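Next up, start_23.pdb (PDB, C-alpha atoms and all ligand atoms):
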ATOM      1  CA  MET C   1       0.000   0.000   0.000  1.00  0.00           C
ATOM      2  CA  GLY C   2       1.110   3.496  -0.776  1.00  0.00           C
ATOM      3  CA  GLN C   3       4.511   2.419  -1.939  1.00  0.00           C
ATOM      4  CA  SER C   4       4.333   3.687  -5.481  1.00  0.00           C
ATOM      5  CA  GLY C   5       6.534   6.683  -5.922  1.00  0.00           C
ATOM      6  CA  GLN C   6       8.102   6.215  -2.505  1.00  0.00           C
ATOM      7  CA  SER C   7      11.566   5.518  -3.722  1.00  0.00           C
ATOM      8  CA  PHE C   8      14.108   4.023  -1.410  1.00  0.00           C
ATOM      9  CA  ALA C   9      16.386   6.935  -2.227  1.00  0.00           C
ATOM     10  CA  ALA C  10      13.946   9.139  -0.368  1.00  0.00           C
ATOM     11  CA  VAL C  11      14.426   7.056   2.744  1.00  0.00           C
ATOM     12  CA  ALA C  12      18.159   7.297   2.436  1.00  0.00           C
ATOM     13  CA  SER C  13      18.420  11.032   2.839  1.00  0.00           C
ATOM     14  CA  ILE C  14      18.436  11.463   6.576  1.00  0.00           C
ATOM     15  CA  GLY C  15      20.142  14.671   7.462  1.00  0.00           C
ATOM     16  CA  GLY C  16      18.925  16.287   4.251  1.00  0.00           C
ATOM     17  CA  PRO C  17      15.543  17.889   3.744  1.00  0.00           C
ATOM     18  CA  PRO C  18      12.521  16.138   5.275  1.00  0.00           C
ATOM     19  CA  ARG C  19      11.335  13.183   3.222  1.00  0.00           C
ATOM     20  CA  ARG C  20       8.299  11.033   3.224  1.00  0.00           C
ATOM     21  CA  VAL C  21       8.845   7.549   4.606  1.00  0.00           C
ATOM     22  CA  THR C  22       6.083   4.976   4.856  1.00  0.00           C
ATOM     23  CA  ARG C  23       7.782   1.907   6.299  1.00  0.00           C
ATOM     24  CA  PHE C  24       9.626   1.579   9.561  1.00  0.00           C
ATOM     25  CA  LEU C  25      11.552  -0.993  11.532  1.00  0.00           C
ATOM     26  CA  CYS C  26      11.714  -0.403  15.284  1.00  0.00           C
ATOM     27  CA  ASP C  27      13.938  -2.054  17.816  1.00  0.00           C
ATOM     28  CA  GLU C  28      12.309  -3.539  20.887  1.00  0.00           C
ATOM     29  CA  MET C  29      13.059  -0.462  22.985  1.00  0.00           C
ATOM     30  CA  LEU C  30      10.650   1.455  20.758  1.00  0.00           C
ATOM     31  CA  GLY C  31       7.602  -0.799  21.099  1.00  0.00           C
ATOM     32  CA  ARG C  32       5.304   2.031  22.158  1.00  0.00           C
ATOM     33  CA  LEU C  33       6.376   4.239  19.290  1.00  0.00           C
ATOM     34  CA  ALA C  34       5.831   1.302  16.917  1.00  0.00           C
ATOM     35  CA  ARG C  35       2.232   0.995  18.135  1.00  0.00           C
ATOM     36  CA  TYR C  36       1.623   4.672  17.469  1.00  0.00           C
ATOM     37  CA  LEU C  37       3.172   4.443  14.016  1.00  0.00           C
ATOM     38  CA  ARG C  38       0.829   1.537  13.282  1.00  0.00           C
ATOM     39  CA  ALA C  39      -2.070   3.554  14.696  1.00  0.00           C
ATOM     40  CA  ALA C  40      -1.142   6.302  12.245  1.00  0.00           C
ATOM     41  CA  GLY C  41      -1.268   3.710   9.456  1.00  0.00           C
ATOM     42  CA  TYR C  42       2.429   3.117   8.820  1.00  0.00           C
ATOM     43  CA  ASP C  43       3.762  -0.321   8.020  1.00  0.00           C
ATOM     44  CA  THR C  44       5.933  -0.803  11.094  1.00  0.00           C
ATOM     45  CA  ALA C  45       7.904  -3.933  11.887  1.00  0.00           C
ATOM     46  CA  LEU C  46       9.195  -4.556  15.386  1.00  0.00           C
ATOM     47  CA  ALA C  47      12.277  -6.707  15.798  1.00  0.00           C
ATOM     48  CA  ALA C  48      13.410  -8.474  18.915  1.00  0.00           C
ATOM     49  CA  GLY C  49      16.771  -7.606  20.391  1.00  0.00           C
ATOM     50  CA  GLY C  50      19.919  -9.636  20.151  1.00  0.00           C
ATOM     51  CA  LEU C  51      20.186  -9.609  16.378  1.00  0.00           C
ATOM     52  CA  PRO C  52      23.579  -8.824  14.857  1.00  0.00           C
ATOM     53  CA  ASP C  53      23.776  -5.320  13.402  1.00  0.00           C
ATOM     54  CA  SER C  54      24.203  -6.712   9.895  1.00  0.00           C
ATOM     55  CA  VAL C  55      20.837  -8.484  10.156  1.00  0.00           C
ATOM     56  CA  TRP C  56      19.125  -5.277  11.224  1.00  0.00           C
ATOM     57  CA  ILE C  57      20.643  -3.267   8.415  1.00  0.00           C
ATOM     58  CA  GLY C  58      19.926  -6.008   5.876  1.00  0.00           C
ATOM     59  CA  LEU C  59      16.289  -6.152   6.924  1.00  0.00           C
ATOM     60  CA  ALA C  60      15.897  -2.387   6.645  1.00  0.00           C
ATOM     61  CA  GLN C  61      17.528  -2.449   3.209  1.00  0.00           C
ATOM     62  CA  ARG C  62      15.531  -5.362   1.848  1.00  0.00           C
ATOM     63  CA  GLU C  63      12.190  -4.039   3.000  1.00  0.00           C
ATOM     64  CA  ALA C  64      12.968  -0.371   2.383  1.00  0.00           C
ATOM     65  CA  ARG C  65      12.316   0.524   5.989  1.00  0.00           C
ATOM     66  CA  LEU C  66      13.752   3.316   8.056  1.00  0.00           C
ATOM     67  CA  LEU C  67      15.338   1.672  11.075  1.00  0.00           C
ATOM     68  CA  LEU C  68      14.517   3.415  14.344  1.00  0.00           C
ATOM     69  CA  THR C  69      16.692   2.418  17.241  1.00  0.00           C
ATOM     70  CA  CYS C  70      17.935   3.457  20.667  1.00  0.00           C
ATOM     71  CA  ASP C  71      21.187   1.619  20.018  1.00  0.00           C
ATOM     72  CA  ARG C  72      23.862   4.151  19.244  1.00  0.00           C
ATOM     73  CA  SER C  73      26.249   1.634  17.721  1.00  0.00           C
ATOM     74  CA  LEU C  74      23.762   0.568  15.049  1.00  0.00           C
ATOM     75  CA  GLY C  75      23.810   3.858  13.228  1.00  0.00           C
ATOM     76  CA  GLN C  76      27.582   3.882  13.075  1.00  0.00           C
ATOM     77  CA  GLY C  77      28.101   0.725  11.043  1.00  0.00           C
ATOM     78  CA  ARG C  78      29.581   1.236   7.621  1.00  0.00           C
ATOM     79  CA  ASN C  79      26.412   0.124   5.794  1.00  0.00           C
ATOM     80  CA  ALA C  80      24.061   2.093   8.007  1.00  0.00           C
ATOM     81  CA  ALA C  81      24.281   5.492   6.340  1.00  0.00           C
ATOM     82  CA  GLY C  82      20.831   6.857   5.647  1.00  0.00           C
ATOM     83  CA  LEU C  83      19.044   3.759   6.925  1.00  0.00           C
ATOM     84  CA  VAL C  84      19.086   4.366  10.642  1.00  0.00           C
ATOM     85  CA  LEU C  85      17.647   7.043  12.876  1.00  0.00           C
ATOM     86  CA  GLU C  86      18.739   6.930  16.475  1.00  0.00           C
ATOM     87  CA  LEU C  87      16.152   8.044  19.014  1.00  0.00           C
ATOM     88  CA  ALA C  88      16.600   8.717  22.710  1.00  0.00           C
ATOM     89  CA  GLN C  89      15.196   6.116  25.048  1.00  0.00           C
ATOM     90  CA  GLY C  90      12.131   6.879  27.145  1.00  0.00           C
ATOM     91  CA  ASP C  91       9.907   9.861  26.387  1.00  0.00           C
ATOM     92  CA  LEU C  92       7.382   8.943  23.705  1.00  0.00           C
ATOM     93  CA  ASP C  93       6.462  12.515  22.814  1.00  0.00           C
ATOM     94  CA  ARG C  94      10.091  13.383  22.294  1.00  0.00           C
ATOM     95  CA  GLN C  95      10.657  10.335  20.127  1.00  0.00           C
ATOM     96  CA  ALA C  96       7.697  11.311  17.955  1.00  0.00           C
ATOM     97  CA  GLU C  97       8.969  14.847  17.691  1.00  0.00           C
ATOM     98  CA  ALA C  98      12.464  13.716  16.695  1.00  0.00           C
ATOM     99  CA  LEU C  99      11.004  11.399  14.078  1.00  0.00           C
ATOM    100  CA  SER C 100       8.828  14.160  12.661  1.00  0.00           C
ATOM    101  CA  ARG C 101      11.875  16.345  12.301  1.00  0.00           C
ATOM    102  CA  HIS C 102      13.554  13.747  10.114  1.00  0.00           C
ATOM    103  CA  CYS C 103      10.765  12.638   7.834  1.00  0.00           C
ATOM    104  CA  GLN C 104       7.311  13.892   7.107  1.00  0.00           C
ATOM    105  CA  VAL C 105       5.272  11.633   9.316  1.00  0.00           C
ATOM    106  CA  ASP C 106       1.580  12.359   9.036  1.00  0.00           C
ATOM    107  CA  TRP C 107       0.347  11.075  12.374  1.00  0.00           C
ATOM    108  CA  LEU C 108      -3.202  10.817  11.043  1.00  0.00           C
ATOM    109  CA  TRP C 109      -2.236   9.339   7.677  1.00  0.00           C
ATOM    110  CA  ARG C 110      -4.452   6.248   7.716  1.00  0.00           C
ATOM    111  CA  PRO C 111      -5.573   6.194  11.319  1.00  0.00           C
ATOM    112  CA  PHE C 112      -6.325   2.815  12.870  1.00  0.00           C
ATOM    113  CA  SER C 113      -5.973   0.864   9.658  1.00  0.00           C
ATOM    114  CA  ARG C 114      -3.438  -1.614  11.117  1.00  0.00           C
ATOM    115  CA  CYS C 115      -3.352  -3.998  14.029  1.00  0.00           C
ATOM    116  CA  LEU C 116      -1.360  -2.350  16.819  1.00  0.00           C
ATOM    117  CA  VAL C 117       0.055  -5.700  17.868  1.00  0.00           C
ATOM    118  CA  ASP C 118       1.108  -7.399  14.628  1.00  0.00           C
ATOM    119  CA  ASN C 119       0.957  -4.650  11.962  1.00  0.00           C
ATOM    120  CA  THR C 120      -1.600  -6.476   9.776  1.00  0.00           C
ATOM    121  CA  LEU C 121      -4.067  -4.361   7.794  1.00  0.00           C
ATOM    122  CA  LEU C 122      -7.472  -4.435   9.468  1.00  0.00           C
ATOM    123  CA  ARG C 123     -10.705  -5.188   7.728  1.00  0.00           C
ATOM    124  CA  GLN C 124     -14.168  -3.984   8.596  1.00  0.00           C
ATOM    125  CA  ALA C 125     -16.045  -6.400  10.832  1.00  0.00           C
ATOM    126  CA  ASP C 126     -19.741  -7.004  10.704  1.00  0.00           C
ATOM    127  CA  ALA C 127     -22.120  -6.890  13.633  1.00  0.00           C
ATOM    128  CA  SER C 128     -22.172 -10.664  14.020  1.00  0.00           C
ATOM    129  CA  GLU C 129     -18.456 -10.581  14.879  1.00  0.00           C
ATOM    130  CA  CYS C 130     -19.011  -8.119  17.702  1.00  0.00           C
ATOM    131  CA  PRO C 131     -19.277  -9.598  21.209  1.00  0.00           C
ATOM    132  CA  SER C 132     -22.280  -8.284  23.089  1.00  0.00           C
ATOM    133  CA  ASP C 133     -20.186  -6.728  25.861  1.00  0.00           C
ATOM    134  CA  ILE C 134     -18.585  -4.150  23.601  1.00  0.00           C
ATOM    135  CA  PRO C 135     -20.328  -0.775  23.953  1.00  0.00           C
ATOM    136  CA  LEU C 136     -20.487  -0.015  20.274  1.00  0.00           C
ATOM    137  CA  ARG C 137     -21.938   3.380  19.450  1.00  0.00           C
ATOM    138  CA  ASP C 138     -20.905   3.257  15.839  1.00  0.00           C
ATOM    139  CA  PRO C 139     -21.025  -0.295  14.439  1.00  0.00           C
ATOM    140  CA  GLY C 140     -19.346   0.971  11.264  1.00  0.00           C
ATOM    141  CA  SER C 141     -16.186   1.639  13.252  1.00  0.00           C
ATOM    142  CA  LEU C 142     -15.665  -1.997  14.204  1.00  0.00           C
ATOM    143  CA  CYS C 143     -12.610  -3.564  12.570  1.00  0.00           C
ATOM    144  CA  ILE C 144     -10.958  -6.913  12.987  1.00  0.00           C
ATOM    145  CA  CYS C 145      -7.403  -8.108  12.490  1.00  0.00           C
ATOM    146  CA  PRO C 146      -7.386 -11.049  10.059  1.00  0.00           C
ATOM    147  CA  GLN C 147      -4.132 -12.243  11.626  1.00  0.00           C
ATOM    148  CA  CYS C 148      -4.833 -12.347  15.380  1.00  0.00           C
ATOM    149  CA  GLY C 149      -8.601 -11.766  15.501  1.00  0.00           C
ATOM    150  CA  ARG C 150      -8.402  -8.684  17.729  1.00  0.00           C
ATOM    151  CA  LEU C 151     -11.300  -6.304  17.437  1.00  0.00           C
ATOM    152  CA  TYR C 152     -10.834  -2.555  17.186  1.00  0.00           C
ATOM    153  CA  TRP C 153     -13.495   0.069  17.696  1.00  0.00           C
ATOM    154  CA  ALA C 154     -13.722   3.745  18.532  1.00  0.00           C
ATOM    155  CA  GLY C 155     -13.711   3.381  22.320  1.00  0.00           C
ATOM    156  CA  SER C 156     -11.883   5.298  25.013  1.00  0.00           C
ATOM    157  CA  HIS C 157      -8.488   3.761  24.241  1.00  0.00           C
ATOM    158  CA  TYR C 158      -8.900   4.691  20.587  1.00  0.00           C
ATOM    159  CA  ARG C 159      -9.808   8.257  21.530  1.00  0.00           C
ATOM    160  CA  ARG C 160      -6.804   8.639  23.811  1.00  0.00           C
ATOM    161  CA  MET C 161      -4.447   7.459  21.120  1.00  0.00           C
ATOM    162  CA  LYS C 162      -6.103   9.597  18.496  1.00  0.00           C
ATOM    163  CA  ASN C 163      -5.836  12.701  20.677  1.00  0.00           C
ATOM    164  CA  ARG C 164      -2.131  12.090  21.043  1.00  0.00           C
ATOM    165  CA  LEU C 165      -1.681  11.553  17.309  1.00  0.00           C
ATOM    166  CA  ARG C 166      -3.583  14.747  16.679  1.00  0.00           C
ATOM    167  CA  ALA C 167      -1.369  16.663  19.106  1.00  0.00           C
ATOM    168  CA  TRP C 168       1.762  15.334  17.379  1.00  0.00           C
ATOM    169  CA  ARG C 169       0.408  16.352  14.019  1.00  0.00           C
ATOM    170  CA  GLN C 170      -0.273  19.899  15.175  1.00  0.00           C
ATOM    171  CA  ARG C 171       3.215  20.523  16.465  1.00  0.00           C
TER     172      ARG C 171
HETATM  173 ZN    ZN M 201      -3.500  -8.502  14.841  1.00  0.00          ZN
END
Would you mind writing the structure in this file as structure tokens?
Amino acid sequence: MGQSGQSFAAVASIGGPPRRVTRFLCDEMLGRLARYLRAAGYDTALAAGGLPDSVWIGLAQREARLLLTCDRSLGQGRNAAGLVLELAQGDLDRQAEALSRHCQVDWLWRPFSRCLVDNTLLRQADASECPSDIPLRDPGSLCICPQCGRLYWAGSHYRRMKNRLRAWRQR
């Protein structure tokens, strides 16, 4: 989705003018940020720790992803130029801000179109798939992940996340 015209060269220009990036690879320290990127609609892979640097870089290259990491050494490898953005550990708002400075993240690009847990594109669910204990004001908002079966709807958790995405977009 949305990959046409998004050349890999655009990803590889960190440090230059802001560029549009649509695919990310986060290290495990950035799990929360990965969930918000997915909530914004970005194809965001999350990799477990302990992988050799060359595997990380290779994965980012192969899948044309911008690698986001808290690991300082990763960005200094000789094949890492332009593929890696190092973010400070901890503060989610600051991480989002730093990312926005480097590439044009639209935090409400395709909101809540992906599973927050496994990155799969959601599909609309029908009423028969909705358990009776979900307070569903807008049945049209109910989506399901074809991968893990999780249901998503516009409840309080959704609203909290969306408010944060909106705040990031307005900065
Ligand atoms: Zn899922």
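Across the model, the gap from atom CA of Leu121 of chain C to atom CA of Cys143 of chain C is 9.8 Å.
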List all protein, DNA and RNA residues that have any atom at most 12 Å from ligand ZN 201 (chain M), counting only C-alpha atoms and all ligand atoms, and write the list as a compact mmCIF listing (two decimals) with C-alpha atoms, in the frame of the given file.
# COMPACT_ATOMS: atom_id res chain seq x y z
CA ARG C 35 2.23 1.00 18.14
CA ARG C 38 0.83 1.54 13.28
CA PHE C 112 -6.32 2.82 12.87
CA SER C 113 -5.97 0.86 9.66
CA ARG C 114 -3.44 -1.61 11.12
CA CYS C 115 -3.35 -4.00 14.03
CA LEU C 116 -1.36 -2.35 16.82
CA VAL C 117 0.06 -5.70 17.87
CA ASP C 118 1.11 -7.40 14.63
CA ASN C 119 0.96 -4.65 11.96
CA THR C 120 -1.60 -6.48 9.78
CA LEU C 121 -4.07 -4.36 7.79
CA LEU C 122 -7.47 -4.43 9.47
CA ARG C 123 -10.70 -5.19 7.73
CA CYS C 143 -12.61 -3.56 12.57
CA ILE C 144 -10.96 -6.91 12.99
CA CYS C 145 -7.40 -8.11 12.49
CA PRO C 146 -7.39 -11.05 10.06
CA GLN C 147 -4.13 -12.24 11.63
CA CYS C 148 -4.83 -12.35 15.38
CA GLY C 149 -8.60 -11.77 15.50
CA ARG C 150 -8.40 -8.68 17.73
CA LEU C 151 -11.30 -6.30 17.44
CA TYR C 152 -10.83 -2.56 17.19
Protein and nucleic acid residues near (-0.5, 13.7, 21.3) (cut-off 12 Å, all atoms listed in the file) as a PyMOL selection string: chain C and resi 33+36+40+92-97+107-108+159-171
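Picked by the PyMOL selection byres (((chain C and resi 104) around 8) and not hetatm) from the coordinates shown: Pro18, Arg19, Arg20, Val21, Ser100, Arg101, His102, Cys103, Val105 and Asp106 of chain C.
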statement: Restricting to all atoms listed in the file, whichever of C:Ala47, C:Leu30, C:Cys130, C:Val55 is closest to Ala80 of chain C is C:Val55
I'd like the neighbourhood of Arg65 of chain C as a compact mmCIF listing (two decimals) with C-alpha atoms, keeping the file's coordinate frame, where a residue qualifies if any of its atoms comes within 7 Å (using all atoms listed in the file), though same-chain residues fewer than 3 positions away should be ignored.
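Full text of part07.txt as output:
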# COMPACT_ATOMS: atom_id res chain seq x y z
CA ARG C 23 7.78 1.91 6.30
CA PHE C 24 9.63 1.58 9.56
CA LEU C 25 11.55 -0.99 11.53
CA ALA C 60 15.90 -2.39 6.64
CA GLN C 61 17.53 -2.45 3.21
- prompt: Smallest atom-to-atom distance to Trp56 of chain C: which of C:Glu28, C:Gly140, C:Tyr42, C:Leu37, using only C-alpha atoms?
  reply: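 Among C:Glu28, C:Gly140, C:Tyr42, C:Leu37, it is C:Glu28 that comes nearest to Trp56 of chain C.
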